[in-house]
>>> print(open('protein37.pdb').read())   # PDB, C-alpha atoms, pLDDT in the B column
ATOM      1  CA  MET A   1       3.702  30.515   7.375  1.00 37.00           C
ATOM      2  CA  SER A   2       6.779  28.429   6.664  1.00 38.00           C
ATOM      3  CA  ASP A   3       6.923  26.385   3.482  1.00 39.00           C
ATOM      4  CA  ARG A   4       7.393  23.358   5.717  1.00 38.00           C
ATOM      5  CA  GLY A   5       4.028  23.591   7.415  1.00 40.00           C
ATOM      6  CA  THR A   6       0.354  23.601   6.642  1.00 42.00           C
ATOM      7  CA  ALA A   7      -2.084  26.412   7.239  1.00 43.00           C
ATOM      8  CA  SER A   8      -3.022  24.848  10.567  1.00 45.00           C
ATOM      9  CA  GLY A   9       0.605  24.470  11.602  1.00 48.00           C
ATOM     10  CA  GLU A  10       0.079  20.746  12.101  1.00 53.00           C
ATOM     11  CA  GLY A  11       2.537  19.751   9.385  1.00 54.00           C
ATOM     12  CA  GLU A  12       5.225  22.018  10.775  1.00 55.00           C
ATOM     13  CA  SER A  13       4.857  20.601  14.292  1.00 57.00           C
ATOM     14  CA  LEU A  14       5.393  17.117  12.885  1.00 61.00           C
ATOM     15  CA  LEU A  15       8.762  18.179  11.481  1.00 71.00           C
ATOM     16  CA  PHE A  16      10.052  18.927  14.973  1.00 77.00           C
ATOM     17  CA  LEU A  17       9.173  15.843  16.974  1.00 83.00           C
ATOM     18  CA  THR A  18      10.697  15.501  20.413  1.00 90.00           C
ATOM     19  CA  ASP A  19      12.769  12.488  21.370  1.00 91.00           C
ATOM     20  CA  GLU A  20       9.851  11.366  23.539  1.00 93.00           C
ATOM     21  CA  GLN A  21       7.416  11.547  20.596  1.00 90.00           C
ATOM     22  CA  LEU A  22       9.868   9.580  18.450  1.00 91.00           C
ATOM     23  CA  ARG A  23      10.328   6.999  21.240  1.00 94.00           C
ATOM     24  CA  LYS A  24       6.549   6.542  21.395  1.00 94.00           C
ATOM     25  CA  GLY A  25       6.459   6.084  17.620  1.00 92.00           C
ATOM     26  CA  ILE A  26       9.235   3.489  17.796  1.00 93.00           C
ATOM     27  CA  GLU A  27       7.416   1.622  20.545  1.00 95.00           C
ATOM     28  CA  ALA A  28       4.179   1.764  18.560  1.00 93.00           C
ATOM     29  CA  MET A  29       6.025   0.174  15.618  1.00 93.00           C
ATOM     30  CA  PHE A  30       7.326  -2.627  17.871  1.00 94.00           C
ATOM     31  CA  PHE A  31       3.889  -3.358  19.302  1.00 95.00           C
ATOM     32  CA  ALA A  32       2.150  -3.061  15.928  1.00 94.00           C
ATOM     33  CA  TYR A  33       4.642  -5.519  14.434  1.00 94.00           C
ATOM     34  CA  ARG A  34       4.025  -7.888  17.327  1.00 95.00           C
ATOM     35  CA  GLY A  35       0.288  -7.742  16.636  1.00 93.00           C
ATOM     36  CA  PHE A  36       0.772  -7.982  12.863  1.00 93.00           C
ATOM     37  CA  THR A  37       2.838 -11.164  13.215  1.00 95.00           C
ATOM     38  CA  ALA A  38       0.895 -12.791  16.092  1.00 95.00           C
ATOM     39  CA  ASP A  39      -1.863 -14.358  13.988  1.00 94.00           C
ATOM     40  CA  PRO A  40       0.481 -15.829  11.341  1.00 96.00           C
ATOM     41  CA  ASP A  41       2.852 -17.011  14.089  1.00 97.00           C
ATOM     42  CA  ARG A  42       0.035 -19.119  15.578  1.00 96.00           C
ATOM     43  CA  ILE A  43      -0.665 -20.644  12.159  1.00 96.00           C
ATOM     44  CA  LEU A  44       3.045 -21.265  11.486  1.00 97.00           C
ATOM     45  CA  GLU A  45       3.404 -23.099  14.826  1.00 96.00           C
ATOM     46  CA  ASN A  46       1.277 -25.927  13.386  1.00 94.00           C
ATOM     47  CA  TYR A  47       3.990 -26.508  10.780  1.00 94.00           C
ATOM     48  CA  ALA A  48       7.003 -25.836  13.028  1.00 95.00           C
ATOM     49  CA  TYR A  49       7.803 -22.864  10.749  1.00 97.00           C
ATOM     50  CA  GLY A  50       9.020 -19.399  11.589  1.00 95.00           C
ATOM     51  CA  ARG A  51       8.713 -15.951  10.091  1.00 95.00           C
ATOM     52  CA  ALA A  52      11.443 -16.648   7.526  1.00 95.00           C
ATOM     53  CA  HIS A  53       9.196 -19.358   6.060  1.00 97.00           C
ATOM     54  CA  HIS A  54       6.304 -16.912   5.999  1.00 97.00           C
ATOM     55  CA  ARG A  55       8.330 -14.243   4.196  1.00 97.00           C
ATOM     56  CA  ALA A  56       9.565 -16.753   1.604  1.00 97.00           C
ATOM     57  CA  ILE A  57       6.026 -18.024   0.973  1.00 98.00           C
ATOM     58  CA  HIS A  58       4.718 -14.456   0.714  1.00 97.00           C
ATOM     59  CA  PHE A  59       7.242 -13.302  -1.878  1.00 96.00           C
ATOM     60  CA  ILE A  60       7.135 -16.517  -3.908  1.00 97.00           C
ATOM     61  CA  HIS A  61       3.371 -16.008  -4.092  1.00 98.00           C
ATOM     62  CA  ARG A  62       3.813 -12.358  -5.123  1.00 94.00           C
ATOM     63  CA  ALA A  63       6.264 -13.272  -7.899  1.00 94.00           C
ATOM     64  CA  PRO A  64       5.694 -16.853  -9.080  1.00 96.00           C
ATOM     65  CA  GLY A  65       8.784 -18.170 -10.838  1.00 96.00           C
ATOM     66  CA  THR A  66      11.102 -15.814  -8.982  1.00 95.00           C
ATOM     67  CA  THR A  67      14.676 -17.026  -8.795  1.00 95.00           C
ATOM     68  CA  VAL A  68      16.487 -17.963  -5.627  1.00 94.00           C
ATOM     69  CA  ASN A  69      18.869 -15.028  -6.231  1.00 92.00           C
ATOM     70  CA  ASN A  70      15.976 -12.582  -6.573  1.00 92.00           C
ATOM     71  CA  LEU A  71      14.429 -13.894  -3.364  1.00 94.00           C
ATOM     72  CA  LEU A  72      17.800 -13.480  -1.621  1.00 93.00           C
ATOM     73  CA  GLY A  73      17.801  -9.815  -2.642  1.00 89.00           C
ATOM     74  CA  ILE A  74      14.243  -9.200  -1.519  1.00 89.00           C
ATOM     75  CA  LEU A  75      14.618 -10.911   1.842  1.00 91.00           C
ATOM     76  CA  GLY A  76      18.142  -9.677   2.568  1.00 88.00           C
ATOM     77  CA  VAL A  77      19.208 -12.984   4.110  1.00 92.00           C
ATOM     78  CA  THR A  78      22.207 -15.213   3.564  1.00 93.00           C
ATOM     79  CA  LYS A  79      22.136 -17.952   0.965  1.00 94.00           C
ATOM     80  CA  GLN A  80      22.646 -20.529   3.724  1.00 95.00           C
ATOM     81  CA  SER A  81      19.682 -19.221   5.704  1.00 94.00           C
ATOM     82  CA  LEU A  82      17.385 -19.114   2.662  1.00 96.00           C
ATOM     83  CA  ASN A  83      18.482 -22.593   1.573  1.00 95.00           C
ATOM     84  CA  ARG A  84      17.469 -24.028   4.960  1.00 96.00           C
ATOM     85  CA  VAL A  85      14.025 -22.420   4.660  1.00 97.00           C
ATOM     86  CA  LEU A  86      13.525 -23.447   1.021  1.00 97.00           C
ATOM     87  CA  ARG A  87      14.698 -27.005   1.654  1.00 97.00           C
ATOM     88  CA  THR A  88      12.024 -27.385   4.350  1.00 97.00           C
ATOM     89  CA  LEU A  89       9.285 -25.824   2.204  1.00 98.00           C
ATOM     90  CA  ILE A  90      10.207 -28.022  -0.770  1.00 98.00           C
ATOM     91  CA  GLU A  91      10.431 -31.213   1.321  1.00 97.00           C
ATOM     92  CA  ASP A  92       7.040 -30.416   2.867  1.00 98.00           C
ATOM     93  CA  GLY A  93       5.485 -29.984  -0.582  1.00 98.00           C
ATOM     94  CA  LEU A  94       4.714 -26.264  -0.305  1.00 98.00           C
ATOM     95  CA  VAL A  95       7.251 -24.922  -2.811  1.00 98.00           C
ATOM     96  CA  GLU A  96       8.406 -26.317  -6.117  1.00 97.00           C
ATOM     97  CA  SER A  97      11.846 -25.507  -7.531  1.00 95.00           C
ATOM     98  CA  ARG A  98      12.174 -25.696 -11.306  1.00 93.00           C
ATOM     99  CA  ILE A  99      15.359 -25.515 -13.336  1.00 90.00           C
ATOM    100  CA  GLY A 100      15.547 -22.421 -15.544  1.00 81.00           C
ATOM    101  CA  LYS A 101      14.762 -22.889 -19.235  1.00 83.00           C
ATOM    102  CA  LYS A 102      17.299 -20.295 -20.403  1.00 84.00           C
ATOM    103  CA  ASP A 103      19.876 -20.763 -17.663  1.00 84.00           C
ATOM    104  CA  LYS A 104      20.041 -24.254 -16.176  1.00 82.00           C
ATOM    105  CA  ARG A 105      21.864 -22.891 -13.117  1.00 86.00           C
ATOM    106  CA  GLU A 106      18.823 -20.842 -12.091  1.00 89.00           C
ATOM    107  CA  ARG A 107      16.135 -22.246  -9.842  1.00 93.00           C
ATOM    108  CA  HIS A 108      12.642 -20.783 -10.251  1.00 95.00           C
ATOM    109  CA  LEU A 109      10.305 -21.017  -7.282  1.00 97.00           C
ATOM    110  CA  PHE A 110       6.559 -21.652  -7.325  1.00 98.00           C
ATOM    111  CA  LEU A 111       4.023 -22.396  -4.620  1.00 98.00           C
ATOM    112  CA  THR A 112       2.270 -25.736  -4.865  1.00 98.00           C
ATOM    113  CA  GLU A 113      -1.481 -25.961  -4.200  1.00 98.00           C
ATOM    114  CA  ALA A 114      -0.710 -26.678  -0.548  1.00 98.00           C
ATOM    115  CA  GLY A 115       1.711 -23.728  -0.431  1.00 98.00           C
ATOM    116  CA  ALA A 116      -0.887 -21.426  -1.990  1.00 98.00           C
ATOM    117  CA  ALA A 117      -3.459 -22.566   0.585  1.00 98.00           C
ATOM    118  CA  LEU A 118      -1.068 -21.794   3.453  1.00 98.00           C
ATOM    119  CA  GLU A 119      -0.229 -18.409   1.889  1.00 98.00           C
ATOM    120  CA  ARG A 120      -3.944 -17.549   1.703  1.00 98.00           C
ATOM    121  CA  GLU A 121      -4.452 -18.493   5.349  1.00 97.00           C
ATOM    122  CA  LEU A 122      -1.467 -16.431   6.513  1.00 97.00           C
ATOM    123  CA  SER A 123      -2.333 -13.437   4.337  1.00 97.00           C
ATOM    124  CA  GLU A 124      -5.986 -13.444   5.303  1.00 97.00           C
ATOM    125  CA  ALA A 125      -5.029 -13.226   8.972  1.00 95.00           C
ATOM    126  CA  GLN A 126      -2.891 -10.172   8.253  1.00 95.00           C
ATOM    127  CA  ARG A 127      -5.370  -8.595   5.831  1.00 96.00           C
ATOM    128  CA  THR A 128      -8.094  -8.854   8.470  1.00 96.00           C
ATOM    129  CA  ARG A 129      -5.946  -7.018  11.016  1.00 95.00           C
ATOM    130  CA  MET A 130      -4.788  -4.365   8.504  1.00 94.00           C
ATOM    131  CA  ARG A 131      -8.287  -3.831   7.112  1.00 96.00           C
ATOM    132  CA  ALA A 132      -9.636  -3.167  10.612  1.00 96.00           C
ATOM    133  CA  ALA A 133      -6.778  -0.783  11.427  1.00 95.00           C
ATOM    134  CA  TYR A 134      -7.125   1.065   8.108  1.00 95.00           C
ATOM    135  CA  ARG A 135     -10.878   1.448   8.574  1.00 96.00           C
ATOM    136  CA  ALA A 136     -10.381   2.792  12.075  1.00 96.00           C
ATOM    137  CA  ALA A 137      -7.694   5.260  10.962  1.00 94.00           C
ATOM    138  CA  GLY A 138      -9.357   6.541   7.784  1.00 94.00           C
ATOM    139  CA  PRO A 139      -8.064   7.176   4.263  1.00 92.00           C
ATOM    140  CA  GLY A 140      -5.832  10.137   5.104  1.00 92.00           C
ATOM    141  CA  ALA A 141      -4.027   8.192   7.807  1.00 93.00           C
ATOM    142  CA  VAL A 142      -3.645   5.185   5.494  1.00 93.00           C
ATOM    143  CA  ALA A 143      -1.957   7.311   2.817  1.00 91.00           C
ATOM    144  CA  GLY A 144       0.250   8.977   5.434  1.00 92.00           C
ATOM    145  CA  PHE A 145       1.190   5.652   6.994  1.00 91.00           C
ATOM    146  CA  ARG A 146       2.240   4.274   3.616  1.00 90.00           C
ATOM    147  CA  GLN A 147       4.352   7.396   2.987  1.00 90.00           C
ATOM    148  CA  VAL A 148       6.060   7.004   6.354  1.00 90.00           C
ATOM    149  CA  LEU A 149       6.806   3.326   5.750  1.00 89.00           C
ATOM    150  CA  GLU A 150       8.212   4.002   2.281  1.00 88.00           C
ATOM    151  CA  ALA A 151      10.320   6.898   3.609  1.00 88.00           C
ATOM    152  CA  MET A 152      11.827   4.568   6.229  1.00 89.00           C
ATOM    153  CA  MET A 153      12.956   2.046   3.596  1.00 87.00           C
ATOM    154  CA  ASP A 154      16.485   2.044   2.242  1.00 86.00           C
ATOM    155  CA  PRO A 155      16.506   3.488  -1.310  1.00 84.00           C
ATOM    156  CA  GLU A 156      17.175   0.101  -2.953  1.00 80.00           C
ATOM    157  CA  MET A 157      14.330  -1.525  -1.037  1.00 77.00           C
ATOM    158  CA  ARG A 158      12.034   1.361  -1.946  1.00 79.00           C
ATOM    159  CA  ARG A 159      12.853   0.757  -5.630  1.00 79.00           C
ATOM    160  CA  GLN A 160      12.169  -2.982  -5.219  1.00 73.00           C
ATOM    161  CA  PHE A 161       8.949  -2.261  -3.357  1.00 73.00           C
ATOM    162  CA  GLY A 162       7.880   0.045  -6.186  1.00 72.00           C
ATOM    163  CA  THR A 163       8.433  -2.803  -8.642  1.00 58.00           C
ATOM    164  CA  ILE A 164       6.523  -5.246  -6.442  1.00 60.00           C
ATOM    165  CA  LYS A 165       3.624  -2.766  -6.030  1.00 59.00           C
ATOM    166  CA  GLU A 166       3.355  -2.293  -9.792  1.00 55.00           C
ATOM    167  CA  ASN A 167       3.274  -6.043 -10.337  1.00 52.00           C
ATOM    168  CA  GLY A 168       0.359  -6.800  -8.136  1.00 45.00           C
ATOM    169  CA  SER A 169      -0.887  -4.465  -5.465  1.00 41.00           C
TER     170      SER A 169
END
>>> encode(input="protein37.pdb", output="structure tokens")
Amino acid sequence: MSDRGTASGEGESLLFLTDEQLRKGIEAMFFAYRGFTADPDRILENYAYGRAHHRAIHFIHRAPGTTVNNLLGILGVTKQSLNRVLRTLIEDGLVESRIGKKDKRERHLFLTEAGAALERELSEAQRTRMRAAYRAAGPGAVAGFRQVLEAMMDPEMRRQFGTIKENGS
């Protein structure tokens, strides 16, 4: 037996996926993402918001008081793009921007009560879908899926994700 496989050979066969098997995996990711975002998209339509708004709300919730610069790094968007999203969320009373106590140039972001309520609604829709999928797949598949997702991340994002996980997952 090779050191790359398991006793059953299943692990080794996974190391040598065909292009067709990889294509099916890629398509599954596309369709899973479409399903994962469908429920929040319907909720966001009521506010005339898009997925960028959802991502900002999600990560502000995960790290209350995060700075605009930190959020830029997490989301990987331009400052101009994030400013448009934040301006809308602030004007609509969902996000509050506070001047930094140590550095007056910093802006710290917090969800308002209305922002927290929207975050709960969006997250619950996604948790419901993920919970059902995880239950159907079983604990081994859940652990494997998480490993695959983390392995697909760029190293810097994986480090950030590790920090985010430790702070609240």
>>> atom_distance(input="protein37.pdb", atom1="CA of Phe110 (chain A)", atom2="CA of Ile43 (chain A)")
20.8 Å
>>> closest_residue(input="protein37.pdb", among="A:Ala56, A:Met130, A:Val142, A:Leu149", to="Ile74 (chain A)", atoms="all atoms listed in the file")
A:Ala56
>>> atom_distance(input="protein37.pdb", atom1="CA of Arg158 (chain A)", atom2="CA of Leu89 (chain A)")
27.6 Å
>>> atom_distance(input="protein37.pdb", atom1="CA of Asn83 (chain A)", atom2="CA of Ala32 (chain A)")
29.2 Å
>>> residues_near_point(input="protein37.pdb", point="(4.5, -10.1, 15.0)", cutoff="12 Å", atoms="all atoms listed in the file", output="ChimeraX atom specification")
/A:29-42,44,50-51,54,125-126,129
>>> closest_residue(input="protein37.pdb", among="A:Phe145, A:Ala133, A:Ser123, A:Leu111", to="Gly25 (chain A)", atoms="all atoms listed in the file")
A:Phe145
>>> residues_around(input="protein37.pdb", residues="Leu109 (chain A)", least_positions_apart="3", cutoff="10 Å", atoms="only C-alpha atoms", output="PyMOL selection string")
chain A and resi 56-57+59-61+63-68+71+86+90+95-100+106+112
>>> axis_aligned_box(input="protein37.pdb", around="region 57-72 of chain A", padding_each_side="6 Å", output="AutoDock Vina command-line options")
--center_x 11.1 --center_y -15.3 --center_z -4.9 --size_x 27.5 --size_y 17.8 --size_z 23.8
>>> decode(input="protein37.pdb", residues="region 52-90 of chain A", atoms="C-alpha atoms", output="PDB file, in the first residue's frame")
ATOM      1  CA  ALA A  52     -21.355  42.749  -0.896  1.00  0.00           C
ATOM      2  CA  HIS A  53     -23.727  44.196   1.716  1.00  0.00           C
ATOM      3  CA  HIS A  54     -24.292  40.721   3.113  1.00  0.00           C
ATOM      4  CA  ARG A  55     -20.566  40.004   3.394  1.00  0.00           C
ATOM      5  CA  ALA A  56     -19.926  43.344   5.122  1.00  0.00           C
ATOM      6  CA  ILE A  57     -22.759  42.740   7.602  1.00  0.00           C
ATOM      7  CA  HIS A  58     -21.519  39.198   8.259  1.00  0.00           C
ATOM      8  CA  PHE A  59     -17.938  40.178   9.054  1.00  0.00           C
ATOM      9  CA  ILE A  60     -18.873  43.274  11.057  1.00  0.00           C
ATOM     10  CA  HIS A  61     -21.065  40.978  13.152  1.00  0.00           C
ATOM     11  CA  ARG A  62     -18.227  38.454  13.540  1.00  0.00           C
ATOM     12  CA  ALA A  63     -15.774  41.146  14.674  1.00  0.00           C
ATOM     13  CA  PRO A  64     -17.627  44.097  16.225  1.00  0.00           C
ATOM     14  CA  GLY A  65     -15.441  47.194  16.189  1.00  0.00           C
ATOM     15  CA  THR A  66     -13.402  45.978  13.234  1.00  0.00           C
ATOM     16  CA  THR A  67     -11.737  48.754  11.286  1.00  0.00           C
ATOM     17  CA  VAL A  68     -12.510  49.665   7.713  1.00  0.00           C
ATOM     18  CA  ASN A  69      -8.952  48.615   6.771  1.00  0.00           C
ATOM     19  CA  ASN A  70      -9.386  45.208   8.408  1.00  0.00           C
ATOM     20  CA  LEU A  71     -12.679  44.703   6.588  1.00  0.00           C
ATOM     21  CA  LEU A  72     -10.964  45.652   3.312  1.00  0.00           C
ATOM     22  CA  GLY A  73      -8.421  42.887   3.922  1.00  0.00           C
ATOM     23  CA  ILE A  74     -11.025  40.286   4.792  1.00  0.00           C
ATOM     24  CA  LEU A  75     -13.304  41.054   1.862  1.00  0.00           C
ATOM     25  CA  GLY A  76     -10.547  41.657  -0.687  1.00  0.00           C
ATOM     26  CA  VAL A  77     -12.403  44.542  -2.324  1.00  0.00           C
ATOM     27  CA  THR A  78     -11.360  48.044  -3.279  1.00  0.00           C
ATOM     28  CA  LYS A  79     -11.736  50.906  -0.844  1.00  0.00           C
ATOM     29  CA  GLN A  80     -14.129  52.606  -3.273  1.00  0.00           C
ATOM     30  CA  SER A  81     -16.338  49.524  -3.490  1.00  0.00           C
ATOM     31  CA  LEU A  82     -16.421  49.018   0.288  1.00  0.00           C
ATOM     32  CA  ASN A  83     -17.124  52.713   0.880  1.00  0.00           C
ATOM     33  CA  ARG A  84     -20.205  52.538  -1.363  1.00  0.00           C
ATOM     34  CA  VAL A  85     -21.506  49.530   0.586  1.00  0.00           C
ATOM     35  CA  LEU A  86     -20.725  51.022   4.007  1.00  0.00           C
ATOM     36  CA  ARG A  87     -22.225  54.393   3.103  1.00  0.00           C
ATOM     37  CA  THR A  88     -25.521  52.673   2.244  1.00  0.00           C
ATOM     38  CA  LEU A  89     -25.506  50.521   5.392  1.00  0.00           C
ATOM     39  CA  ILE A  90     -24.726  53.538   7.586  1.00  0.00           C
TER      40      ILE A  90
END
